[in-house]
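Raw contents of my_file.tsv, TSV, C-alpha atoms and all ligand atoms:
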```tsv
chain	number	residue	atom	x	y	z
A	62	MET	CA	-78.52	7.49	149.44
A	63	ALA	CA	-77.99	10.89	147.96
A	64	ASP	CA	-75.89	10.90	144.84
A	65	ILE	CA	-73.40	13.69	144.18
A	66	ASN	CA	-73.06	15.81	141.06
A	67	ARG	CA	-70.37	13.66	139.43
A	68	ASN	CA	-69.46	16.42	137.00
A	69	TYR	CA	-67.53	18.02	139.87
A	70	LEU	CA	-65.17	15.03	139.82
A	71	ASP	CA	-64.15	16.00	136.28
A	72	LEU	CA	-62.88	19.44	137.34
A	73	GLN	CA	-59.13	19.59	136.77
A	74	GLY	CA	-57.03	20.30	139.87
A	75	SER	CA	-58.20	23.06	142.17
A	76	TYR	CA	-59.33	26.53	141.14
A	77	LEU	CA	-56.26	28.27	139.67
A	78	PHE	CA	-56.04	31.13	142.16
A	79	SER	CA	-56.62	28.80	145.11
A	80	ALA	CA	-53.75	26.60	143.87
A	81	ILE	CA	-51.46	29.63	143.65
A	82	ALA	CA	-52.49	30.88	147.11
A	83	LYS	CA	-51.69	27.42	148.54
A	84	LYS	CA	-48.22	27.38	146.95
A	85	VAL	CA	-47.49	30.86	148.29
A	86	ARG	CA	-48.75	29.91	151.76
A	87	GLU	CA	-46.47	26.89	151.82
A	88	TYR	CA	-43.50	28.96	150.67
A	89	SER	CA	-44.23	31.60	153.34
A	90	GLU	CA	-44.11	28.99	156.10
A	91	THR	CA	-40.37	28.54	155.57
A	92	HIS	CA	-39.36	31.94	154.14
A	93	ASP	CA	-39.69	35.61	155.00
A	94	SER	CA	-43.11	36.44	153.52
A	95	ARG	CA	-42.49	40.21	153.84
A	96	ARG	CA	-40.24	40.04	150.78
A	97	ILE	CA	-42.97	38.54	148.59
A	98	ILE	CA	-44.41	40.77	145.86
A	99	ARG	CA	-47.87	39.60	144.81
A	100	LEU	CA	-48.60	40.15	141.12
A	101	GLY	CA	-50.72	37.00	140.75
A	102	ILE	CA	-54.47	37.34	141.16
A	103	GLY	CA	-55.90	40.53	139.64
A	104	ASP	CA	-56.82	42.10	142.97
A	105	VAL	CA	-56.68	45.87	143.40
A	106	THR	CA	-54.54	47.55	146.06
A	107	LEU	CA	-55.70	51.19	146.06
A	108	PRO	CA	-58.36	52.01	148.67
A	109	LEU	CA	-61.89	52.90	147.56
A	110	CYS	CA	-62.08	56.47	146.28
A	111	HIS	CA	-63.64	59.24	148.36
A	112	ALA	CA	-66.87	59.51	146.34
A	113	VAL	CA	-67.51	55.82	147.03
A	114	THR	CA	-66.71	55.83	150.76
A	115	GLU	CA	-68.84	58.97	151.21
A	116	ALA	CA	-71.80	57.23	149.55
A	117	LEU	CA	-71.22	54.14	151.70
A	118	HIS	CA	-71.23	56.19	154.94
A	119	LYS	CA	-74.40	57.97	153.93
A	120	ALA	CA	-76.14	54.73	153.01
A	121	VAL	CA	-75.07	53.09	156.29
A	122	ASP	CA	-76.62	55.99	158.19
A	123	GLU	CA	-79.84	55.58	156.20
A	124	MET	CA	-79.93	51.90	157.12
A	125	GLY	CA	-79.60	52.81	160.80
A	126	ASN	CA	-82.57	55.16	160.72
A	127	ALA	CA	-86.16	53.88	160.89
A	128	ALA	CA	-87.35	56.50	158.39
A	129	THR	CA	-84.83	55.55	155.69
A	130	PHE	CA	-84.12	51.89	156.45
A	131	ARG	CA	-84.48	49.45	153.52
A	132	GLY	CA	-85.04	45.70	153.65
A	133	TYR	CA	-84.70	43.36	150.70
A	134	ALA	CA	-83.39	45.11	147.62
A	135	PRO	CA	-85.33	44.68	144.35
A	136	ASP	CA	-83.88	41.42	143.01
A	137	LEU	CA	-82.86	42.93	139.66
A	138	GLY	CA	-81.27	46.02	141.24
A	139	TYR	CA	-82.37	49.49	142.39
A	140	ASP	CA	-83.59	51.81	139.64
A	141	PHE	CA	-81.14	54.55	140.72
A	142	LEU	CA	-78.22	52.27	139.83
A	143	ARG	CA	-79.73	50.65	136.73
A	144	ASN	CA	-80.56	54.11	135.35
A	145	ALA	CA	-77.03	55.39	136.07
A	146	ILE	CA	-75.53	52.37	134.30
A	147	ALA	CA	-77.83	52.67	131.27
A	148	GLU	CA	-77.08	56.38	130.97
A	149	ASN	CA	-73.30	56.31	131.44
A	150	ASP	CA	-72.12	52.94	130.18
A	151	PHE	CA	-74.47	52.70	127.18
A	152	LYS	CA	-76.45	55.80	126.13
A	153	ALA	CA	-73.34	58.00	126.46
A	154	ARG	CA	-71.64	55.63	124.00
A	155	GLY	CA	-74.55	55.67	121.59
A	156	CYS	CA	-75.70	52.16	122.57
A	157	ASP	CA	-79.34	51.27	122.83
A	158	ILE	CA	-79.53	49.50	126.21
A	159	SER	CA	-82.30	50.39	128.64
A	160	ALA	CA	-82.34	50.11	132.45
A	161	ASP	CA	-84.71	47.14	132.38
A	162	GLU	CA	-82.18	45.12	130.38
A	163	ILE	CA	-79.61	45.54	133.19
A	164	PHE	CA	-79.41	43.04	136.07
A	165	VAL	CA	-77.39	44.13	139.10
A	166	SER	CA	-75.47	41.42	140.99
A	167	ASP	CA	-72.67	40.84	143.45
A	168	GLY	CA	-70.03	40.68	140.74
A	169	ALA	CA	-68.99	39.47	137.32
A	170	LYS	CA	-67.42	36.28	138.66
A	171	SER	CA	-70.80	35.04	139.96
A	172	ASP	CA	-72.60	36.10	136.80
A	173	SER	CA	-70.01	34.52	134.52
A	174	GLY	CA	-70.37	31.26	136.46
A	175	ASN	CA	-74.17	31.38	136.72
A	176	ILE	CA	-75.20	32.58	133.26
A	177	GLN	CA	-74.79	29.09	131.74
A	178	GLU	CA	-77.80	27.95	133.84
A	179	ILE	CA	-80.23	29.53	131.37
A	180	PHE	CA	-78.93	27.31	128.56
A	181	GLY	CA	-79.76	23.68	127.84
A	182	PRO	CA	-77.37	20.86	128.75
A	183	ASP	CA	-76.56	19.85	125.17
A	184	ASN	CA	-75.18	23.16	123.95
A	185	ILE	CA	-71.62	23.15	122.61
A	186	VAL	CA	-69.52	25.70	124.46
A	187	ALA	CA	-66.65	27.55	122.78
A	188	VAL	CA	-63.94	29.20	124.85
A	189	CYS	CA	-60.74	31.01	124.05
A	190	ASP	CA	-57.56	29.16	124.97
A	191	PRO	CA	-56.11	30.55	127.26
A	192	VAL	CA	-59.25	31.54	129.16
A	193	TYR	CA	-60.57	32.77	132.53
A	194	PRO	CA	-61.20	29.38	134.22
A	195	VAL	CA	-64.69	30.19	135.55
A	196	TYR	CA	-66.30	29.85	132.09
A	197	VAL	CA	-64.90	26.34	131.68
A	198	ASP	CA	-65.40	25.09	135.23
A	199	SER	CA	-69.00	26.29	135.50
A	200	ASN	CA	-69.89	24.43	132.29
A	201	ILE	CA	-68.13	21.30	133.56
A	202	MET	CA	-70.22	21.49	136.73
A	203	ALA	CA	-73.30	21.59	134.48
A	204	GLY	CA	-72.10	18.56	132.48
A	205	ARG	CA	-71.40	20.19	129.10
A	206	HIS	CA	-67.80	18.97	128.88
A	207	GLY	CA	-67.49	15.36	127.60
A	208	LYS	CA	-64.31	13.34	128.19
A	209	TYR	CA	-60.98	14.73	129.37
A	210	ASN	CA	-57.88	14.08	127.28
A	211	ASP	CA	-54.78	14.00	129.48
A	212	ALA	CA	-52.39	14.45	126.58
A	213	THR	CA	-53.99	17.63	125.27
A	214	GLY	CA	-55.51	18.91	128.51
A	215	THR	CA	-58.86	19.39	126.76
A	216	PHE	CA	-62.46	18.15	127.06
A	217	SER	CA	-64.10	16.49	124.05
A	218	ARG	CA	-67.31	18.59	123.98
A	219	PHE	CA	-65.72	22.04	124.36
A	220	VAL	CA	-64.60	23.95	121.31
A	221	TYR	CA	-61.25	25.60	122.06
A	222	LEU	CA	-60.35	28.77	120.19
A	223	PRO	CA	-56.55	29.10	120.23
A	224	CYS	CA	-55.27	32.59	120.99
A	225	ASP	CA	-51.61	33.20	120.37
A	226	ALA	CA	-49.21	35.86	119.21
A	227	GLY	CA	-49.93	34.84	115.60
A	228	ASN	CA	-53.57	35.94	115.76
A	229	GLY	CA	-52.95	38.80	118.20
A	230	PHE	CA	-54.70	36.73	120.91
A	231	CYS	CA	-58.04	37.21	119.06
A	232	PRO	CA	-59.26	33.79	117.86
A	233	ASP	CA	-60.47	32.76	114.43
A	234	LEU	CA	-64.14	31.89	114.03
A	235	PRO	CA	-64.82	28.26	115.00
A	236	LYS	CA	-64.82	25.62	112.30
A	237	GLU	CA	-66.97	23.31	114.44
A	238	LYS	CA	-70.50	24.00	115.69
A	239	ALA	CA	-70.54	26.30	118.71
A	240	ASP	CA	-73.74	27.36	120.50
A	241	ILE	CA	-72.43	29.42	123.42
A	242	ILE	CA	-69.29	31.48	122.85
A	243	TYR	CA	-67.39	33.16	125.68
A	244	LEU	CA	-65.33	36.19	124.70
A	245	CYS	CA	-63.52	38.51	127.13
A	246	TYR	CA	-62.02	41.78	125.87
A	247	PRO	CA	-59.81	43.46	126.94
A	248	ASN	CA	-58.73	39.92	127.52
A	249	ASN	CA	-57.99	38.12	130.70
A	250	PRO	CA	-55.32	36.70	130.77
A	251	THR	CA	-53.46	37.92	127.65
A	252	GLY	CA	-54.22	41.64	127.99
A	253	ALA	CA	-55.14	41.80	124.27
A	254	ALA	CA	-57.87	44.10	122.94
A	255	ILE	CA	-60.27	43.40	120.07
A	256	THR	CA	-61.08	45.91	117.33
A	257	LYS	CA	-64.64	46.75	116.30
A	258	ALA	CA	-64.04	45.08	112.93
A	259	GLU	CA	-62.89	41.83	114.58
A	260	LEU	CA	-65.79	41.82	117.03
A	261	LYS	CA	-68.25	42.48	114.19
A	262	LYS	CA	-67.18	39.15	112.66
A	263	TRP	CA	-68.24	37.36	115.87
A	264	VAL	CA	-71.58	39.16	116.04
A	265	ASP	CA	-72.29	38.33	112.40
A	266	TYR	CA	-71.26	34.72	113.00
A	267	ALA	CA	-73.55	34.37	116.02
A	268	ASN	CA	-76.47	35.96	114.20
A	269	SER	CA	-76.02	33.66	111.23
A	270	THR	CA	-75.73	30.45	113.30
A	271	GLY	CA	-78.00	31.21	116.26
A	272	ALA	CA	-75.11	31.04	118.74
A	273	VAL	CA	-75.10	33.31	121.80
A	274	ILE	CA	-72.01	35.32	122.75
A	275	ILE	CA	-71.30	35.84	126.43
A	276	TYR	CA	-69.10	38.92	126.36
A	277	ASP	CA	-67.10	39.69	129.49
A	278	ALA	CA	-66.29	43.42	129.54
A	279	ALA	CA	-64.83	43.46	133.08
A	280	TYR	CA	-61.70	45.29	131.92
A	281	GLU	CA	-63.22	47.88	129.57
A	282	ALA	CA	-62.11	50.81	131.77
A	283	TYR	CA	-58.51	50.03	130.76
A	284	ILE	CA	-59.04	50.72	127.07
A	285	THR	CA	-56.69	53.52	125.99
A	286	GLU	CA	-56.67	53.11	122.21
A	287	GLU	CA	-59.16	54.36	119.64
A	288	GLY	CA	-61.33	51.90	117.71
A	289	ILE	CA	-61.58	49.42	120.58
A	290	PRO	CA	-65.21	48.78	121.64
A	291	HIS	CA	-66.05	49.37	125.31
A	292	THR	CA	-69.14	47.23	124.97
A	293	ILE	CA	-70.27	44.67	122.41
A	294	TYR	CA	-73.42	46.77	121.91
A	295	GLU	CA	-71.31	49.23	119.93
A	296	ILE	CA	-71.50	46.54	117.24
A	297	GLU	CA	-74.58	46.44	115.06
A	298	GLY	CA	-76.56	43.23	115.58
A	299	ALA	CA	-75.24	42.53	119.10
A	300	ARG	CA	-78.64	43.08	120.71
A	301	GLU	CA	-79.84	39.95	118.93
A	302	CYS	CA	-76.98	37.65	119.96
A	303	ALA	CA	-75.02	38.89	122.99
A	304	ILE	CA	-75.12	38.96	126.77
A	305	GLU	CA	-72.58	41.25	128.44
A	306	LEU	CA	-70.95	40.99	131.88
A	307	HIS	CA	-69.60	43.98	133.82
A	308	SER	CA	-67.68	44.38	137.05
A	309	PHE	CA	-67.12	47.24	139.49
A	310	SER	CA	-63.99	45.47	140.77
A	311	LYS	CA	-61.36	46.45	138.26
A	312	ASN	CA	-62.47	50.01	137.48
A	313	ALA	CA	-63.57	51.11	140.96
A	314	GLY	CA	-61.79	48.69	143.31
A	315	PHE	CA	-64.89	46.78	144.50
A	316	THR	CA	-63.12	43.38	144.78
A	317	GLY	CA	-63.90	43.32	148.50
A	318	LEU	CA	-67.22	45.18	148.25
A	319	ARG	CA	-68.78	43.08	145.43
A	320	LEU	CA	-70.92	44.57	142.67
A	321	GLY	CA	-71.43	43.82	139.01
A	322	TYR	CA	-74.13	43.69	136.36
A	323	THR	CA	-75.21	41.71	133.34
A	324	VAL	CA	-77.01	42.98	130.26
A	325	VAL	CA	-79.54	40.74	128.52
A	326	PRO	CA	-81.26	42.69	125.73
A	327	LYS	CA	-84.93	42.09	124.97
A	328	ASP	CA	-84.06	41.30	121.34
A	329	LEU	CA	-82.05	38.26	122.38
A	330	LYS	CA	-84.43	35.34	121.82
A	331	ARG	CA	-83.88	31.66	121.14
A	332	GLY	CA	-86.68	29.19	120.40
A	333	GLY	CA	-89.12	32.09	120.63
A	334	THR	CA	-88.19	32.87	124.26
A	335	GLU	CA	-86.52	36.03	125.55
A	336	LEU	CA	-83.34	35.03	127.40
A	337	ARG	CA	-83.91	38.12	129.52
A	338	SER	CA	-87.01	36.55	131.05
A	339	LEU	CA	-85.02	33.40	131.98
A	340	TRP	CA	-82.25	35.41	133.64
A	341	ALA	CA	-84.84	37.52	135.46
A	342	ARG	CA	-86.49	34.35	136.71
A	343	ARG	CA	-83.17	32.94	137.86
A	344	HIS	CA	-82.33	36.16	139.69
A	345	GLY	CA	-85.75	36.28	141.31
A	346	THR	CA	-85.56	32.68	142.48
A	347	LYS	CA	-81.95	32.44	143.63
A	348	TYR	CA	-80.88	35.96	144.54
A	349	ASN	CA	-82.09	38.66	146.91
A	350	GLY	CA	-80.18	41.52	145.34
A	351	ALA	CA	-76.87	43.28	145.99
A	352	PRO	CA	-76.85	45.21	149.31
A	353	TYR	CA	-78.41	48.69	149.28
A	354	ILE	CA	-75.25	50.34	150.61
A	355	VAL	CA	-73.13	48.70	147.89
A	356	GLN	CA	-75.56	49.77	145.16
A	357	ARG	CA	-75.36	53.35	146.46
A	358	ALA	CA	-71.56	53.03	146.29
A	359	GLY	CA	-71.94	51.84	142.70
A	360	GLU	CA	-74.14	54.82	141.88
A	361	ALA	CA	-71.40	57.13	143.23
A	362	VAL	CA	-68.96	55.71	140.66
A	363	TYR	CA	-71.07	57.53	138.03
A	364	SER	CA	-71.14	60.91	139.83
A	365	PRO	CA	-68.81	63.60	138.39
A	366	GLU	CA	-66.37	63.21	141.35
A	367	GLY	CA	-66.67	59.43	141.23
A	368	LYS	CA	-65.87	59.34	137.51
A	369	ARG	CA	-62.81	61.55	138.01
A	370	GLN	CA	-61.50	59.63	141.04
A	371	VAL	CA	-62.04	56.23	139.47
A	372	ALA	CA	-60.31	57.37	136.26
A	373	GLU	CA	-57.30	58.39	138.37
A	374	GLN	CA	-57.12	54.91	139.87
A	375	VAL	CA	-57.30	53.25	136.46
A	376	ALA	CA	-54.56	55.62	135.22
A	377	PHE	CA	-52.42	54.63	138.20
A	378	TYR	CA	-52.66	50.94	137.36
A	379	LEU	CA	-52.11	51.61	133.66
A	380	ASN	CA	-48.93	53.46	134.57
A	381	ASN	CA	-47.75	50.37	136.49
A	382	ALA	CA	-48.59	48.28	133.43
A	383	LYS	CA	-46.62	50.60	131.17
A	384	TYR	CA	-43.63	50.46	133.53
A	385	ILE	CA	-43.64	46.66	133.77
A	386	ARG	CA	-44.19	46.12	130.08
A	387	GLY	CA	-41.66	48.71	128.90
A	388	ASN	CA	-38.89	47.63	131.26
A	389	LEU	CA	-39.31	43.91	130.72
A	390	GLU	CA	-39.30	44.48	126.98
A	391	ALA	CA	-36.12	46.55	127.28
A	392	ALA	CA	-34.60	43.68	129.30
A	393	GLY	CA	-35.22	41.30	126.39
A	394	PHE	CA	-38.52	39.67	127.40
A	395	THR	CA	-41.25	39.13	124.81
A	396	VAL	CA	-44.21	40.95	126.31
A	397	TYR	CA	-47.87	41.49	125.35
A	398	GLY	CA	-50.82	43.34	126.88
A	399	GLY	CA	-50.49	46.17	129.38
A	400	VAL	CA	-51.75	48.86	126.97
A	401	ASN	CA	-55.53	48.42	127.10
A	402	SER	CA	-55.34	46.14	130.09
A	403	PRO	CA	-53.94	45.78	133.61
A	404	TYR	CA	-52.40	42.43	132.61
A	405	ILE	CA	-48.96	41.85	131.15
A	406	TRP	CA	-48.55	38.56	129.32
A	407	LEU	CA	-44.97	37.45	128.78
A	408	LYS	CA	-43.16	34.54	127.20
A	409	THR	CA	-41.36	32.55	129.85
A	410	PRO	CA	-37.58	32.81	129.41
A	411	GLY	CA	-35.30	29.90	128.48
A	412	ASN	CA	-38.08	27.54	127.43
A	413	LEU	CA	-39.28	27.18	131.02
A	414	SER	CA	-42.81	25.88	131.39
A	415	SER	CA	-45.30	28.26	132.97
A	416	TRP	CA	-45.25	26.46	136.33
A	417	GLU	CA	-41.43	26.11	136.27
A	418	PHE	CA	-41.16	29.86	135.78
A	419	PHE	CA	-43.71	30.38	138.58
A	420	ASP	CA	-41.57	28.29	140.96
A	421	GLU	CA	-38.32	29.97	139.92
A	422	LEU	CA	-39.78	33.44	140.19
A	423	LEU	CA	-41.10	32.69	143.66
A	424	SER	CA	-37.97	30.99	144.98
A	425	LYS	CA	-35.32	33.21	143.35
A	426	ALA	CA	-37.07	36.61	143.28
A	427	GLN	CA	-39.98	36.22	145.72
A	428	ILE	CA	-42.47	37.36	143.10
A	429	VAL	CA	-45.88	35.75	142.61
A	430	GLY	CA	-47.42	35.74	139.14
A	431	THR	CA	-49.90	33.48	137.34
A	432	PRO	CA	-48.74	30.60	135.12
A	433	GLY	CA	-50.21	30.89	131.63
A	434	SER	CA	-50.92	27.15	131.46
A	435	GLY	CA	-53.37	27.59	134.35
A	436	PHE	CA	-55.62	29.35	131.81
A	437	GLY	CA	-55.44	26.56	129.22
A	438	ALA	CA	-53.11	24.51	127.05
A	439	HIS	CA	-52.28	27.45	124.75
A	440	GLY	CA	-51.17	29.46	127.79
A	441	GLU	CA	-48.24	27.08	128.27
A	442	GLY	CA	-44.93	28.93	127.99
A	443	TYR	CA	-46.57	32.21	129.03
A	444	PHE	CA	-46.90	34.00	132.34
A	445	ARG	CA	-49.24	36.75	133.59
A	446	LEU	CA	-48.28	39.67	135.82
A	447	THR	CA	-50.87	42.11	137.10
A	448	ALA	CA	-50.43	45.86	137.30
A	449	PHE	CA	-52.81	46.09	140.28
A	450	GLY	CA	-49.94	46.29	142.80
A	451	LYS	CA	-48.27	49.35	144.28
A	452	TYR	CA	-45.97	51.34	142.00
A	453	GLU	CA	-42.95	50.62	144.25
A	454	ASP	CA	-43.77	46.92	143.93
A	455	ALA	CA	-43.87	47.15	140.15
A	456	VAL	CA	-40.45	48.85	140.15
A	457	GLU	CA	-38.96	46.41	142.65
A	458	ALA	CA	-40.41	43.38	140.84
A	459	VAL	CA	-38.97	44.46	137.49
A	460	SER	CA	-35.58	45.09	139.07
A	461	ARG	CA	-35.58	41.64	140.73
A	462	ILE	CA	-36.64	39.92	137.50
A	463	LYS	CA	-33.84	41.68	135.60
A	464	GLU	CA	-31.25	40.61	138.19
A	465	THR	CA	-32.38	36.99	138.33
A	466	ALA	CA	-30.84	34.29	136.15
A	467	PHE	CA	-33.55	31.94	134.88
B	1	LIG	C1	-57.89	37.26	137.80
B	1	LIG	O1	-56.85	37.40	138.43
B	1	LIG	O2	-57.94	36.65	136.73
B	1	LIG	C2	-59.12	37.87	138.36
B	1	LIG	O3	-58.85	38.64	139.46
B	1	LIG	C3	-60.06	36.84	138.76
B	1	LIG	C4	-61.40	37.42	139.01
B	1	LIG	O4	-61.68	38.57	138.68
B	1	LIG	O5	-62.21	36.65	139.54
```

Mind converting the file's structure to structure tokens?
Ligand code: MLT
Amino acid sequence: MADINRNYLDLQGSYLFSAIAKKVREYSETHDSRRIIRLGIGDVTLPLCHAVTEALHKAVDEMGNAATFRGYAPDLGYDFLRNAIAENDFKARGCDISADEIFVSDGAKSDSGNIQEIFGPDNIVAVCDPVYPVYVDSNIMAGRHGKYNDATGTFSRFVYLPCDAGNGFCPDLPKEKADIIYLCYPNNPTGAAITKAELKKWVDYANSTGAVIIYDAAYEAYITEEGIPHTIYEIEGARECAIELHSFSKNAGFTGLRLGYTVVPKDLKRGGTELRSLWARRHGTKYNGAPYIVQRAGEAVYSPEGKRQVAEQVAFYLNNAKYIRGNLEAAGFTVYGGVNSPYIWLKTPGNLSSWEFFDELLSKAQIVGTPGSGFGAHGEGYFRLTAFGKYEDAVEAVSRIKETAF
């Protein structure tokens, strides 16, 4: 008889955003769902910009013509896209990353879940708390988690790095051994940014211990302040210790189109082996490449019109973030994030737990957000709102929150 992967039985509850969607579906069955404002999952609402749709149309026509049709894409990505990424996201920022260190994929969520496959089963994984749940769940599926403690909501083999208002949501270096360290900045869910000086401490730590940092830069387009690194490769020494994940979802609205990339520098070696060669092998074996038309759409993001149009979209969401943050703060809420990030992270009012506030907000104000505790024990008592909605929704949501007694 086939045995199952029993690690899956250790996963806690259902995937956070599926659990929220289920609650909202149930609520909608008995209430007028048209009143609901969705500021939960970080999904964009603006349509794809013109430069992107134009590139898509052109690529579709090419695929319908025998002379220009393309079959399987190169499994690591087309050179036109890898070159555009290397040029714009790295060389333009003075970072030494070449096209052959860039692996194109169908998105940062898949890469952040899959990257752990190139590491051995006994590595100790360190994650921020609160944290994007994919890093934790994918390592549980691979059996790196140990025993679950109901009282603390933690697994014995993970190292949790508490992020709270006291440390500006940027964790202290671990006291215990940590082999694989996940960092995400600008941070999901807290909306915090990390300075170059802070990030340098992590790079130095990893280089001195042999740990590998998996740096999720999905939200870098939202950085508005000086001195905040857009990529970990702005930090000296990162080529020797860091893998970086990127998304086209949050900057260019590709949540429904799917495109992302991962950087694995040639200098990143452990046990004498280049990690890049392992990731290339994994890609080659398990993946047939992101669709040609989507890669052309990705290339268009780097054209002069694409850059301008995408920057306008990011500015639109940042304006929502500013509105939500500023007005909730003025109404007496304790609020974080929303400056270098599309996420606003607030303290729940009146000592409500994160899920209690979720339920009250849905039933009293018909607003959907994300409970902080869904991201980890240290997220308890916090709540995340996204700025990816429509401006009118941001205004209406703030007004409903202000009018509601919690
Ligand atoms: C989120 O809401 O945290 C993100 O949208 C999830 C994701 O990007 O997969």

Tell me which protein, DNA and RNA residues are within 9 Å of stretch 298-308 of chain A, counting all atoms listed in the file, leaving out same-chain ones fewer than 3 positions away, and put them as a ChimeraX atom specification.
/A:157-158,167-170,172-173,261,264-265,267-268,271-281,292-295,311-313,315,319-330

Dump the neighbourhood of ligand LIG 1 (chain B) as a tab-separated table (two decimals) with C-alpha atoms, in the coordinates of the input: all residues within 7 Å, distances computed on only C-alpha atoms and all ligand atoms.
```tsv
chain	number	residue	atom	x	y	z
A	101	GLY	CA	-50.72	37.00	140.75
A	102	ILE	CA	-54.47	37.34	141.16
A	103	GLY	CA	-55.90	40.53	139.64
A	104	ASP	CA	-56.82	42.10	142.97
A	170	LYS	CA	-67.42	36.28	138.66
A	193	TYR	CA	-60.57	32.77	132.53
A	249	ASN	CA	-57.99	38.12	130.70
A	250	PRO	CA	-55.32	36.70	130.77
```

May I have the protein, DNA and RNA residues with any atom at most 9 Å from the point (-59.0, 40.2, 127.1), counting only C-alpha atoms, written as an NGL selection string?
:A and (192 or 230-231 or 244-255 or 277-280 or 398 or 401-402 or 404)

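Nearest to A:Phe419 of all the residues A:Val188, A:Glu287, A:Gly74, A:Leu100 is A:Leu100, counting all atoms listed in the file.
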
Env of A:Tyr363: 8 Å cut, atoms = only C-alpha atoms, seq-sep filter 4 positions within chain, self excluded. Answer as number ranges by chain.
A: 145-146, 149, 359, 367-368

Contact residues around A:Ala448 with all atoms listed in the file at 12 Å, ignoring same-chain residues under 4 positions, as JSON, numbers by chain:
{"A": [98, 99, 100, 101, 102, 103, 104, 105, 106, 107, 252, 283, 311, 374, 375, 376, 377, 378, 379, 380, 381, 382, 383, 384, 385, 386, 398, 399, 400, 401, 402, 403, 404, 405, 406, 430, 452, 453, 454, 455, 456, 458, 459]}

Please identify all polymer residues within 6 Å of stretch 348-354 of chain A, counting all atoms listed in the file, omitting same-chain residues fewer than 5 positions from it, and present them as number ranges by chain.
A: 117, 120, 134, 136, 166-167

All residues 8 Å or closer to A:His439, all atoms listed in the file, same chain fewer than 4 positions away omitted, as a PyMOL selection string
chain A and resi 190-191+223-225+433-434

Take the residues from that selection and write them out as a compact mmCIF listing (two decimals), keeping the file's coordinate frame, keeping C-alpha atoms.
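Final output, saved to again-v6.txt:
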```
# COMPACT_ATOMS: atom_id res chain seq x y z
CA ASP A 190 -57.56 29.16 124.97
CA PRO A 191 -56.11 30.55 127.26
CA PRO A 223 -56.55 29.10 120.23
CA CYS A 224 -55.27 32.59 120.99
CA ASP A 225 -51.61 33.20 120.37
CA GLY A 433 -50.21 30.89 131.63
CA SER A 434 -50.92 27.15 131.46
```

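With only C-alpha atoms as the basis for measurement, A:Tyr397 is the residue among A:Thr465, A:Tyr397, A:Ala127, A:Ala82 that approaches A:Gly229 most closely.
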
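Atom CA of A:Glu457 to atom CA of A:Ile428 spans 9.7 Å [interatomic distance, one decimal].
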
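Pairwise distance (atom CA of A:Pro432, atom CA of A:Lys208) equals 24.3 Å.
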
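One distance worth recording is that between atom CA of A:Gln177 and atom CA of A:Ser217, which is 18.2 Å.
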
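Using all atoms listed in the file, the nearest neighbour of A:His344 within the list A:Asn184, A:Ser89, A:Ser199, A:Asn175 is A:Asn175.
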
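Using all atoms listed in the file, the smallest distance between any of A:Leu318, A:Leu407, A:Ala282, A:Ala203 and A:Ala226 comes from A:Leu407.
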
Since the input lacks some atoms of stretch 329-336 of chain A, please model N, CA, C and O atoms and print them as an mmCIF file, in the frame of the given file.
```
data_model
loop_
_atom_site.group_PDB
_atom_site.id
_atom_site.type_symbol
_atom_site.label_atom_id
_atom_site.label_comp_id
_atom_site.auth_asym_id
_atom_site.auth_seq_id
_atom_site.Cartn_x
_atom_site.Cartn_y
_atom_site.Cartn_z
ATOM 1 N N LEU A 329 -82.743 39.543 122.380
ATOM 2 C CA LEU A 329 -82.050 38.260 122.380
ATOM 3 C C LEU A 329 -83.049 37.148 122.713
ATOM 4 O O LEU A 329 -83.477 36.987 123.858
ATOM 5 N N LYS A 330 -83.418 36.413 121.668
ATOM 6 C CA LYS A 330 -84.430 35.340 121.820
ATOM 7 C C LYS A 330 -83.889 34.076 121.178
ATOM 8 O O LYS A 330 -83.196 34.132 120.153
ATOM 9 N N ARG A 331 -84.185 32.952 121.769
ATOM 10 C CA ARG A 331 -83.880 31.660 121.140
ATOM 11 C C ARG A 331 -85.085 30.765 121.373
ATOM 12 O O ARG A 331 -85.636 30.737 122.484
ATOM 13 N N GLY A 332 -85.488 30.047 120.312
ATOM 14 C CA GLY A 332 -86.680 29.190 120.400
ATOM 15 C C GLY A 332 -87.909 29.994 120.786
ATOM 16 O O GLY A 332 -88.779 29.489 121.501
ATOM 17 N N GLY A 333 -87.956 31.246 120.373
ATOM 18 C CA GLY A 333 -89.120 32.090 120.630
ATOM 19 C C GLY A 333 -89.185 32.661 122.048
ATOM 20 O O GLY A 333 -90.142 33.347 122.395
ATOM 21 N N THR A 334 -88.174 32.386 122.872
ATOM 22 C CA THR A 334 -88.190 32.870 124.260
ATOM 23 C C THR A 334 -87.119 33.943 124.471
ATOM 24 O O THR A 334 -85.984 33.786 124.005
ATOM 25 N N GLU A 335 -87.506 35.006 125.181
ATOM 26 C CA GLU A 335 -86.520 36.030 125.550
ATOM 27 C C GLU A 335 -85.595 35.475 126.617
ATOM 28 O O GLU A 335 -86.076 35.045 127.679
ATOM 29 N N LEU A 336 -84.279 35.512 126.383
ATOM 30 C CA LEU A 336 -83.340 35.030 127.400
ATOM 31 C C LEU A 336 -83.395 35.925 128.644
ATOM 32 O O LEU A 336 -83.122 35.480 129.761
#
```
